[in-house]
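Inspection log for the structure reproduced underneath, given as structure tokens.
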Amino acid sequence: MGLNDLAALGMALQESELLSYEQAWTMPKIYYTSPALLDIERERLFGKEWICIGRAEEIPNPGDYMAFQLCDEPLVAVRGEDEKIRVMSNVCRHRGTILTRGNGHSRRLVCPYHHWSYDLEGKLAGAPRMDAHETFDKPTCRLPQFASEEWRGFLFTNLGVDPEPLAPRLEGLDRQISNYHMEQQKLRWVADEVWHTNWKCLIENFMEGYHLSPLHKTTLAPVNPTKLCSHFEPGDAFFGYNAGYSADYPRSTRGHPDLSDAEVVNCVMFAIPPGLVSGCGGDYSSFICVQPETTDRVRAKMGLIFYGDGWTKESVDHAVDLFNATMAEDKTVLVDMLRGMASAHHARGPLAPAAFEGPVLDFYRYYSRRLGKELVAGA
């Protein structure tokens with residue numbers, strides 16, 4: 001793939017901003033298969049946009065931490081003594097060793113190599129046998145810190161310098177899901193997987209209802225059939241659709257008392273690109289945190305959050321089994337999709353109307369606003 005191909009892709013993306021939902025077509029296959037494009041995405045999207053890393057309740061108490069990686073940056077989210085969550089570099093300032101892995105609890109982040117330690121705000125707390133060093137200034141040594149923000153219980157971080165706050169950009173979405181009170185829903189299941197597909201394919205699949213009835217005949221179709229889908233107006237930093245619940249599907253709970261009757265029977269499927277998709281329901285909600293590794297490998301942190309305390313293990317297990325069965329069907333199709341894109345005969349196809357594949361066009365437009373002009377100019 002050369003610069004001319006990137007420029008042609010940029011033109012196709014910019015065209016998507018002008019087309020109506022009744023005129024839209026899919027992107028060329030290089031949109032999903034180009035390693036050069038992925039390098040640009042990692043730098044300019046995942047390196048500069050707000051990225052969801054999970055739920056704030058994963059580190060509920062002072063001293064709780066959660067290590068993760070964003071692009072090539074090892075990071076750790078830590079809840080301090082002041083209850084504030086900070087996202088910091090997970091790299092020791094001495095010789096560059098990774099400080100910690102996974103989730104845990106500690107009053108200090110201690111490097112396993114030479115036992116340099118840092119407090120919950122990232123300040124150097126101890127550096128054994130370094131007192132005699134003549135030019136090392138201990139008080140100024142600390143772990144670099146990155147912007148972080150909590151929204152509706154989701155925890156976001158941003159590798160950029162002084163990024164624009166996230167919450168004001170989500171006001172339209174926030175109004176739409178406010179009565180669901182996702183911030184009060186509790187995480188009862190989380191898993192990490194690697195999917196063998198392109199990251200954009202995963203997001204597009206989660207965010208369109210066209211496939212719900214054809215692909216998920218016995219899993220999701222009885223719950224959220226395609227015929228009950230409707231599109232809603234996107235914002236600059238979000239897009240999505242409504243997936244209505246079948247009247248025949250039994251619900252475990254109504255959800256928060258603030259929900260209207262119409263909201264009770266609706267699931268708001270939303271994306272905060274490039275790294276979060278979620279299905280917001282009154283009784284329980286799902287989410288996937290998305291990070292690309294290669295053009296055909298994406299890390300997916302998946303979770304289910306539930307409203308209220310009356311959930312039995314059987315009910316939670318049923319929700320988890322349904323989610324996993326649905327995701328297994330999606331993964332099979334997405335692997336085959338990339339195989340199909342390798343064909344010399346692959347061609348762009350028309351998108352279904354807004355109610356069914358409108359969010360795919362919304363995603364193209366989001367992407368074009370961030371990268372379209374740069375790609376046309378030669379990346």
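Residue numbering restarts at 1 in every chain; chains get A, B, ... in the order shown in the structure tokens, and ligands count up from 1 in that same order.
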For region 152-163 of chain A: contacts at 7 Å, only C-alpha atoms, fewer than 3 positions along chain excluded, given as a PyMOL selection string
chain A and resi 47-56+146-149+182-183
With all heavy atoms retained, could you export that selection as a compact mmCIF listing (two decimals), in the first residue's frame?
# COMPACT_ATOMS: atom_id res chain seq x y z
N GLY A 47 -3.27 7.31 20.27
CA GLY A 47 -2.26 8.10 20.97
C GLY A 47 -2.71 9.49 21.35
O GLY A 47 -2.02 10.18 22.11
N LYS A 48 -3.91 9.92 20.87
CA LYS A 48 -4.34 11.30 21.14
C LYS A 48 -5.80 11.42 21.57
O LYS A 48 -6.20 12.46 22.09
CB LYS A 48 -4.11 12.16 19.90
CG LYS A 48 -2.64 12.34 19.55
CD LYS A 48 -2.45 13.26 18.35
CE LYS A 48 -0.97 13.46 18.04
NZ LYS A 48 -0.75 14.34 16.87
N GLU A 49 -6.61 10.39 21.35
CA GLU A 49 -8.02 10.44 21.73
C GLU A 49 -8.20 9.84 23.13
O GLU A 49 -7.31 9.17 23.68
CB GLU A 49 -8.86 9.66 20.72
CG GLU A 49 -8.87 10.27 19.32
CD GLU A 49 -9.82 11.44 19.21
OE1 GLU A 49 -11.04 11.26 19.30
OE2 GLU A 49 -9.31 12.58 19.05
N TRP A 50 -9.38 10.05 23.72
CA TRP A 50 -9.71 9.45 25.01
C TRP A 50 -10.01 7.97 24.81
O TRP A 50 -10.86 7.60 24.00
CB TRP A 50 -10.90 10.15 25.64
CG TRP A 50 -10.59 11.51 26.16
CD1 TRP A 50 -10.78 12.71 25.54
CD2 TRP A 50 -10.00 11.82 27.44
NE1 TRP A 50 -10.35 13.74 26.35
CE2 TRP A 50 -9.88 13.23 27.51
CE3 TRP A 50 -9.58 11.03 28.52
CZ2 TRP A 50 -9.33 13.86 28.64
CZ3 TRP A 50 -9.05 11.67 29.63
CH2 TRP A 50 -8.93 13.06 29.69
N ILE A 51 -9.32 7.13 25.57
CA ILE A 51 -9.43 5.68 25.42
C ILE A 51 -9.96 5.08 26.72
O ILE A 51 -9.40 5.32 27.80
CB ILE A 51 -8.07 5.04 25.08
CG1 ILE A 51 -7.44 5.73 23.87
CG2 ILE A 51 -8.24 3.55 24.84
CD1 ILE A 51 -8.25 5.64 22.59
N CYS A 52 -11.01 4.28 26.62
CA CYS A 52 -11.57 3.63 27.81
C CYS A 52 -10.70 2.44 28.20
O CYS A 52 -10.35 1.60 27.36
CB CYS A 52 -13.00 3.17 27.54
SG CYS A 52 -13.81 2.46 28.99
N ILE A 53 -10.38 2.35 29.50
CA ILE A 53 -9.55 1.25 29.99
C ILE A 53 -10.31 0.32 30.92
O ILE A 53 -9.74 -0.64 31.45
CB ILE A 53 -8.29 1.79 30.70
CG1 ILE A 53 -8.67 2.66 31.90
CG2 ILE A 53 -7.43 2.56 29.71
CD1 ILE A 53 -7.48 3.11 32.73
N GLY A 54 -11.59 0.59 31.13
CA GLY A 54 -12.38 -0.28 31.99
C GLY A 54 -13.31 0.53 32.87
O GLY A 54 -13.74 1.64 32.53
N ARG A 55 -13.63 -0.02 34.03
CA ARG A 55 -14.54 0.61 34.97
C ARG A 55 -13.77 1.11 36.19
O ARG A 55 -12.85 0.45 36.69
CB ARG A 55 -15.61 -0.39 35.42
CG ARG A 55 -16.51 -0.89 34.30
CD ARG A 55 -17.54 0.13 33.89
NE ARG A 55 -18.54 0.35 34.93
CZ ARG A 55 -19.53 1.22 34.83
NH1 ARG A 55 -19.67 1.96 33.73
NH2 ARG A 55 -20.41 1.37 35.81
N ALA A 56 -14.17 2.28 36.68
CA ALA A 56 -13.50 2.86 37.85
C ALA A 56 -13.61 1.95 39.06
O ALA A 56 -12.72 1.93 39.93
CB ALA A 56 -14.07 4.23 38.15
N PHE A 146 -0.68 10.93 33.15
CA PHE A 146 -1.48 11.19 31.96
C PHE A 146 -2.91 11.58 32.37
O PHE A 146 -3.39 11.21 33.44
CB PHE A 146 -1.50 9.97 31.05
CG PHE A 146 -0.13 9.54 30.61
CD1 PHE A 146 0.61 8.64 31.36
CD2 PHE A 146 0.44 10.07 29.46
CE1 PHE A 146 1.88 8.26 30.97
CE2 PHE A 146 1.71 9.69 29.05
CZ PHE A 146 2.44 8.78 29.81
N ALA A 147 -3.56 12.31 31.49
CA ALA A 147 -4.92 12.75 31.77
C ALA A 147 -5.84 11.56 31.96
O ALA A 147 -5.73 10.55 31.25
CB ALA A 147 -5.43 13.63 30.64
N SER A 148 -6.74 11.66 32.90
CA SER A 148 -7.74 10.61 33.11
C SER A 148 -9.07 11.26 33.43
O SER A 148 -9.12 12.39 33.93
CB SER A 148 -7.33 9.66 34.24
OG SER A 148 -7.22 10.35 35.47
N GLU A 149 -10.13 10.55 33.13
CA GLU A 149 -11.47 11.09 33.34
C GLU A 149 -12.44 9.92 33.53
O GLU A 149 -12.33 8.90 32.86
CB GLU A 149 -11.88 11.94 32.13
CG GLU A 149 -13.09 12.82 32.37
CD GLU A 149 -13.27 13.88 31.29
OE1 GLU A 149 -12.27 14.37 30.74
OE2 GLU A 149 -14.45 14.20 30.98
N MET A 182 -25.76 4.24 34.40
CA MET A 182 -24.70 3.23 34.26
C MET A 182 -23.65 3.34 35.37
O MET A 182 -23.01 2.34 35.71
CB MET A 182 -24.02 3.37 32.90
CG MET A 182 -24.90 3.08 31.71
SD MET A 182 -23.99 3.12 30.14
CE MET A 182 -23.31 1.46 30.11
N GLU A 183 -23.48 4.54 35.93
CA GLU A 183 -22.51 4.70 37.00
C GLU A 183 -22.90 3.92 38.25
O GLU A 183 -22.05 3.65 39.12
CB GLU A 183 -22.33 6.19 37.34
CG GLU A 183 -23.48 6.85 38.08
CD GLU A 183 -24.67 7.19 37.18
OE1 GLU A 183 -24.59 6.97 35.95
OE2 GLU A 183 -25.69 7.69 37.71
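Residue neighbourhood of region 88-99 of chain A, excluding near-sequence residues (fewer than 4 positions): Ala67, Glu73, Pro74, Leu75, Val76, Ala77, Val78, Leu109, Val110, Cys111, Pro112, Tyr113, Trp116, Gly122, Cys141, Arg142, Leu143, Pro144, Gln145 and Phe146 of chain A, at 8 Å, using only C-alpha atoms.
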Based on the selection just made, write C-alpha atoms of those residues as a PDB file, in the first residue's frame.
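This is the output file result07.pdb:
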ATOM      1  CA  ALA A  67      -1.829  -2.142  35.048  1.00  0.00           C
ATOM      2  CA  GLU A  73       3.008   2.716  26.679  1.00  0.00           C
ATOM      3  CA  PRO A  74       2.934   0.551  29.841  1.00  0.00           C
ATOM      4  CA  LEU A  75       0.562   2.366  32.212  1.00  0.00           C
ATOM      5  CA  VAL A  76      -0.980   1.856  35.621  1.00  0.00           C
ATOM      6  CA  ALA A  77      -4.168   3.377  37.049  1.00  0.00           C
ATOM      7  CA  VAL A  78      -3.926   3.912  40.818  1.00  0.00           C
ATOM      8  CA  LEU A 109       4.604   0.711  43.570  1.00  0.00           C
ATOM      9  CA  VAL A 110       7.866  -1.162  44.019  1.00  0.00           C
ATOM     10  CA  CYS A 111      10.184  -2.002  41.145  1.00  0.00           C
ATOM     11  CA  PRO A 112      11.063  -5.723  41.296  1.00  0.00           C
ATOM     12  CA  TYR A 113      14.571  -5.058  39.942  1.00  0.00           C
ATOM     13  CA  TRP A 116      12.893   1.744  43.838  1.00  0.00           C
ATOM     14  CA  GLY A 122       3.809   8.699  41.561  1.00  0.00           C
ATOM     15  CA  CYS A 141      11.812  12.226  40.490  1.00  0.00           C
ATOM     16  CA  ARG A 142       8.309  10.967  39.816  1.00  0.00           C
ATOM     17  CA  LEU A 143       6.343   8.822  37.381  1.00  0.00           C
ATOM     18  CA  PRO A 144       4.930  10.719  34.388  1.00  0.00           C
ATOM     19  CA  GLN A 145       1.168  11.202  34.693  1.00  0.00           C
ATOM     20  CA  PHE A 146      -1.480  11.194  31.963  1.00  0.00           C
TER      21      PHE A 146
END
In region 78-308 of chain A, what's alpha helix (DSSP H) per DSSP? Answer as a ChimeraX atom specification?
/A:171-177,199-206,212-215,261-264
So, counting only C-alpha atoms, which residue among A:Leu228, A:Leu45, A:Ile177, A:Leu18 is closest to Ser260 (chain A)?
A:Ile177
Find the residues of region 310-343 of chain A that sit at most 9 Å from region 202-210 of chain A; for each, write down the nearest two atoms and how far apart they are in Å, to one decimal. Count only C-alpha atoms. Sort by chain, then by number going up, and give it as CSV.
residue,atom,partner,partner_atom,distance
A:Asp330,CA,A:Asn205,CA,7.5
A:Lys331,CA,A:Leu202,CA,8.4
A:Leu334,CA,A:Leu202,CA,7.4
Export of prior selection with N, CA, C and O atoms as a PDB file, in the first residue's frame:
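Here's the written file out.pdb:
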ATOM      1  N   ASP A 330     -20.076 -13.769  16.440  1.00  0.00           N
ATOM      2  CA  ASP A 330     -19.475 -12.598  15.801  1.00  0.00           C
ATOM      3  C   ASP A 330     -18.029 -12.876  15.397  1.00  0.00           C
ATOM      4  O   ASP A 330     -17.602 -12.519  14.286  1.00  0.00           O
ATOM      5  N   LYS A 331     -17.255 -13.485  16.297  1.00  0.00           N
ATOM      6  CA  LYS A 331     -15.840 -13.724  16.010  1.00  0.00           C
ATOM      7  C   LYS A 331     -15.665 -14.599  14.780  1.00  0.00           C
ATOM      8  O   LYS A 331     -14.779 -14.349  13.944  1.00  0.00           O
ATOM      9  N   LEU A 334     -16.244 -12.460  11.720  1.00  0.00           N
ATOM     10  CA  LEU A 334     -15.231 -11.433  11.515  1.00  0.00           C
ATOM     11  C   LEU A 334     -13.911 -12.013  11.026  1.00  0.00           C
ATOM     12  O   LEU A 334     -13.185 -11.371  10.251  1.00  0.00           O
TER      13      LEU A 334
END
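Running DSSP on the backbone gives strand (DSSP E or B) for these residues within region 94-162 of chain A: A:Ile98, A:Asn103, A:Gly104, A:His105, A:Leu109, A:Val110, A:Ser117, A:Tyr118, A:Lys123, A:Leu124, A:Ala125, A:Gly126, A:Arg142, A:Gln145, A:Phe146, A:Ala147, A:Ser148, A:Glu149, A:Glu150, A:Trp151, A:Phe154, A:Leu155, A:Phe156, A:Thr157, A:Asn158.
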Take the residues just selected and output them with C-alpha atoms as a compact mmCIF listing (two decimals), in the first residue's frame.
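And here is the file that came out, out-v4.txt:
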# COMPACT_ATOMS: atom_id res chain seq x y z
CA ILE A 98 7.95 -2.53 34.37
CA ASN A 103 -4.61 -5.75 39.32
CA GLY A 104 -3.62 -5.49 42.94
CA HIS A 105 -3.33 -3.44 46.10
CA LEU A 109 4.60 0.71 43.57
CA VAL A 110 7.87 -1.16 44.02
CA SER A 117 9.43 2.64 45.11
CA TYR A 118 6.78 5.25 44.33
CA LYS A 123 6.42 10.46 43.69
CA LEU A 124 9.67 8.62 44.36
CA ALA A 125 9.41 7.18 47.88
CA GLY A 126 12.61 5.18 48.06
CA ARG A 142 8.31 10.97 39.82
CA GLN A 145 1.17 11.20 34.69
CA PHE A 146 -1.48 11.19 31.96
CA ALA A 147 -4.92 12.75 31.77
CA SER A 148 -7.74 10.61 33.11
CA GLU A 149 -11.47 11.09 33.34
CA GLU A 150 -14.41 9.11 34.70
CA TRP A 151 -17.72 9.14 32.83
CA PHE A 154 -16.13 4.19 32.76
CA LEU A 155 -12.49 5.16 33.19
CA PHE A 156 -10.72 6.92 30.31
CA THR A 157 -7.17 8.08 29.74
CA ASN A 158 -5.46 10.16 27.08
With 7 Å as the cut-off and only C-alpha atoms counted, what is the closest atom pair between each nearby residue of region 33-91 of chain A and region 290-307 of chain A? Distances in Å to one decimal, ordered by chain and number, as CSV.
residue,atom,partner,partner_atom,distance
A:Thr33,CA,A:Thr295,CA,5.6
A:Ser34,CA,A:Thr295,CA,6.7
A:Pro35,CA,A:Thr295,CA,6.1
A:Leu38,CA,A:Thr295,CA,6.6
Write out the residues from the selection above, keeping C-alpha atoms, as a PDB file, in the first residue's frame.
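Result written to result-v3.pdb:
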ATOM      1  CA  THR A  33      -5.731  -4.472   6.039  1.00  0.00           C
ATOM      2  CA  SER A  34      -2.973  -1.834   5.790  1.00  0.00           C
ATOM      3  CA  PRO A  35      -0.150  -1.968   8.388  1.00  0.00           C
ATOM      4  CA  LEU A  38      -2.562   1.043  11.525  1.00  0.00           C
TER       5      LEU A  38
END
Report the closest atom pair, with its distance in Å rounded to one decimal, for each residue of region 258-288 of chain A that has an atom no farther than 12 Å from region 362-378 of chain A; count only C-alpha atoms, sort by chain and then rising residue number, and write it as a tab-separated table.
residue	atom	partner	partner_atom	distance
A:Phe270	CA	A:Phe363	CA	11.1
A:Ala271	CA	A:Phe363	CA	8.8
A:Ile272	CA	A:Phe363	CA	9.9
A:Pro273	CA	A:Phe363	CA	8.0
A:Pro274	CA	A:Tyr367	CA	8.7
A:Gly275	CA	A:Phe363	CA	12.0
A:Val277	CA	A:Phe363	CA	11.7
Nearby residues (only C-alpha atoms) at most 10 Å from Val264 (chain A), same-chain spacing under 4 positions excluded, as a PyMOL selection string
chain A and resi 179-180+244-245+251+253-260+281-283
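Using only C-alpha atoms, the smallest distance between any of A:Leu173, A:Leu361, A:Ala7, A:Leu120 and Cys280 (chain A) comes from A:Leu173.
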Using only C-alpha atoms, can you tell me which of A:Glu329, A:Asp236, A:Asp5, A:Asp309 comes closest to Leu166 (chain A)?
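Result for the nearest residue to Leu166 (chain A): A:Asp236.
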What lies within 10 Å of Val320 (chain A) using only C-alpha atoms, ignoring chain neighbours under 4 positions off, as number ranges by chain?
A: 188-190, 286, 303-304, 314-316, 324-326
Since we have the selection now, will you write its residues out, keeping C-alpha atoms, as a PDB file, in the first residue's frame?
ATOM      1  CA  ARG A 188     -20.004  -8.700  37.863  1.00  0.00           C
ATOM      2  CA  TRP A 189     -18.040 -10.197  34.971  1.00  0.00           C
ATOM      3  CA  VAL A 190     -14.949  -9.137  33.016  1.00  0.00           C
ATOM      4  CA  SER A 286     -22.268  -4.769  28.200  1.00  0.00           C
ATOM      5  CA  GLY A 303     -17.522  -6.757  30.754  1.00  0.00           C
ATOM      6  CA  LEU A 304     -21.095  -6.926  32.011  1.00  0.00           C
ATOM      7  CA  GLU A 314     -27.914 -18.190  37.939  1.00  0.00           C
ATOM      8  CA  SER A 315     -29.184 -14.932  36.420  1.00  0.00           C
ATOM      9  CA  VAL A 316     -25.677 -13.498  36.056  1.00  0.00           C
ATOM     10  CA  ASN A 324     -20.287 -15.202  25.151  1.00  0.00           C
ATOM     11  CA  ALA A 325     -22.415 -17.213  22.739  1.00  0.00           C
ATOM     12  CA  THR A 326     -23.234 -14.060  20.779  1.00  0.00           C
TER      13      THR A 326
END
With only C-alpha atoms as the atoms that count, which of A:Cys201, A:Val265, A:Ala237, A:Cys229 lies nearest to Arg169 (chain A)?
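Comparing A:Cys201, A:Val265, A:Ala237, A:Cys229 against Arg169 (chain A), the winner is A:Ala237.
Distances here use only C-alpha atoms; by that measure, the residue among A:His318, A:Lys200, A:Arg79, A:His231 closest to Cys267 (chain A) is A:His231.
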For Leu351 (chain A), please output as a CSV table (one decimal) with N, CA and C atoms, in the first residue's frame all residues within 9 Å (counting only C-alpha atoms; exclusion window: fewer than 3 positions along the same chain).
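Result written to result-v4.csv:
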chain,number,residue,atom,x,y,z
A,21,TYR,N,-27.4,8.6,4.3
A,21,TYR,CA,-27.4,7.2,4.7
A,21,TYR,C,-28.0,6.3,3.6
A,22,GLU,N,-28.7,6.8,2.7
A,22,GLU,CA,-29.3,6.0,1.6
A,22,GLU,C,-28.3,5.9,0.4
A,23,GLN,N,-27.2,6.6,0.5
A,23,GLN,CA,-26.2,6.6,-0.6
A,23,GLN,C,-24.8,6.0,-0.2
A,24,ALA,N,-24.7,5.6,1.1
A,24,ALA,CA,-23.4,5.2,1.6
A,24,ALA,C,-22.9,3.8,1.1
A,25,TRP,N,-21.6,3.7,1.0
A,25,TRP,CA,-20.9,2.5,0.6
A,25,TRP,C,-19.8,2.2,1.7
A,26,THR,N,-19.4,0.9,1.7
A,26,THR,CA,-18.4,0.5,2.6
A,26,THR,C,-17.0,1.1,2.1
A,354,ALA,N,-30.2,3.6,7.5
A,354,ALA,CA,-29.7,4.2,8.8
A,354,ALA,C,-30.1,3.3,10.0
A,356,PHE,N,-30.3,0.3,10.3
A,356,PHE,CA,-29.6,-1.0,10.4
A,356,PHE,C,-28.0,-0.9,10.3
A,357,GLU,N,-27.5,0.0,9.4
A,357,GLU,CA,-26.1,0.2,9.3
A,357,GLU,C,-25.7,1.6,9.4
A,358,GLY,N,-26.6,2.5,9.8
A,358,GLY,CA,-26.2,3.9,9.9
A,358,GLY,C,-25.0,4.2,10.8
A,360,VAL,N,-22.3,2.5,11.0
A,360,VAL,CA,-21.1,2.3,10.3
A,360,VAL,C,-20.7,3.5,9.5
A,361,LEU,N,-21.6,4.2,8.9
A,361,LEU,CA,-21.3,5.5,8.2
A,361,LEU,C,-20.9,6.5,9.2
For region 336-347 of chain A, work out the shell of residues within 7 Å, counting only C-alpha atoms and skipping chain neighbours fewer than 4 positions away, then give it as an NGL selection string.
:A and (29 or 197 or 332)
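Shortest atom-to-atom contact with Ile85 (chain A) among A:Ala8, A:Leu37, A:Ile59, A:Ala167: A:Ile59, counting only C-alpha atoms.
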Can you work out the spacing between CA of His196 (chain A) and CA of Val335 (chain A) in Å, to one decimal?
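Value for the CA of His196 (chain A)-CA of Val335 (chain A) distance: 6.0 Å.
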